[in-house]
Amino acid sequence: MANESQKTTAVQTKTKLWLDIIVFVAFLITMDPHTSGIAIHEWLSLAMIAAMTVHLLLSWDWIMEISGRFLGKLGTQNRINYILNWLLFIDGTLIMISGIMISEVALPLMGIKLPMGFAWRRLHDMSANIGLLLLGLHTALHWGWIVTAINKYLVQPIVKLFSAKQKKDAAI
Amino acid sequence: MKTIGRILIILAVFSVFAGLMVVAVNASGSNTPAADGAPSQLRPGGDGARPEGDGNRPERGERDGAGGSRWMFGLIKNVGVMAVLVTIIAWPKSIAKKKKKKQAVVSSVNGNS
């Protein structure tokens with residue numbers, strides 16, 4: 001039973017690590033729409049809504065636990081983390097909504113046409129810049145987890161693979 | 001079923017915030033085509049309608065042939081901002097952790113002797 005739950009946690013951590021790597025790369029691409037092109041920028045951003053939903057689902061237990069304990073006894077780091085995550089969620093929502101409002105490719109393709117609003121454009125730029133800072137803080141606060149997970153699920157399997165190959169070669 | 005419920009909760013919270021933002025921007029009255037001072041007639045498609053995009057229009061970076069260097073600059077800038085934040089926050093934290101560990105080892109050695 002304990003082994004099974006450990007296995008589930010390991011699978012969840014691995015999934016989360018790969019998802020976070022993909023979201024990070026996608027974020028870097030979407031942050032430069034002039035180079036990627038507006039179509040890639042918009043479709044990739046819309047796809048990130050799904051990726052972020054999965055990210056939240058994988059952290060659901062932590063979210064529920066801290067939500068319940070937020071007004072009670074809670075460590076400073078968890079409290080800061082929780083507030084920062086809410087700010088990131090609100091900022092993410094603002095980026096998405098303002099992006100949808102100024103969409104030039106995705107929405108017109110779906111047959112939806114909204115009047116051009118310059119307030120939304122300014123909000124989109126501003127929230128994207130704030131998002132970069134918040135994501136930096138989010139990464140910094142989870143740096144320990146990132147290093148541990150990369151070491152455990154990326155570096156060590158590669159090292160093991162090479163050492164096994166060397167042993168095999170030596171045996172021959 | 002549990003997962004679907006959770007997804008619905010996430011999307012509901014997202015919709016609530018999105019709705020509040022739309023209401024706030026519309027109520028502020030700043031979301032007009034000429035909000036930044038320039039008359040809308042001077043804009044391409046100046047009636048306030050968005051330009052018809054096919055996703056293939058030339059971008060600013062590509063027009064002057066500097067797309068690659070612009071992309072590199074943007075990437076370095078974005079990763080740089082995040083790296084600075086990680087260094088400022090995670091590095092002192094890791095040093096403090098190592099110090100704490102060292103002190104714990106020293107105190108346990110002293111306790112044994």
# chains A, B, ... in the order shown; residues from 1 in each chain; ligands from 1
$ closest_atom_pairs --of "chain A" --to "chain B" --cutoff "6 Å" --atoms "only C-alpha atoms" --output "CSV"
residue,atom,partner,partner_atom,distance
A:His34,CA,B:Glu59,CA,5.3
A:Thr35,CA,B:Trp71,CA,5.9
A:Ile38,CA,B:Gly55,CA,5.8
A:Ala39,CA,B:Gly55,CA,4.7
A:Glu104,CA,B:Gly53,CA,5.3
A:Val105,CA,B:Gly53,CA,5.4
A:Pro115,CA,B:Ala49,CA,5.1
A:Met116,CA,B:Arg50,CA,5.1
A:Gly117,CA,B:Asn31,CA,5.0
A:Phe118,CA,B:Pro33,CA,5.9
A:Ala119,CA,B:Asn31,CA,4.7
A:Gly136,CA,B:Met82,CA,4.3
A:Ala140,CA,B:Val86,CA,4.2
$ atom_distance --atom1 "atom CA of Ser59 of chain A" --atom2 "atom CA of Leu132 of chain A"
20.9 Å
$ select_by_dssp --residues "segment 12-149 of chain A" --states "alpha helix (DSSP H)" --output "number ranges by chain"
A: 12-30, 33-36, 38-58, 60-69, 76-101, 106-109, 118-141, 143-149
$ residues_around --residues "Ile66 of chain A" --least-positions-apart "2" --cutoff "12 Å" --atoms "only C-alpha atoms" --output "number ranges by chain"
A: 59-64, 68-83, 85-86
$ closest_residue --among "A:Ala128, A:Leu137, A:Ala149, A:Leu56" --to "Asp32 of chain A" --atoms "only C-alpha atoms"
A:Ala128
$ residues_around --residues "Ala51 of chain A" --least-positions-apart "5" --cutoff "12 Å" --atoms "only C-alpha atoms" --output "ChimeraX atom specification"
/A:15-16,18-24,26-27,44-46,56-58 /B:7
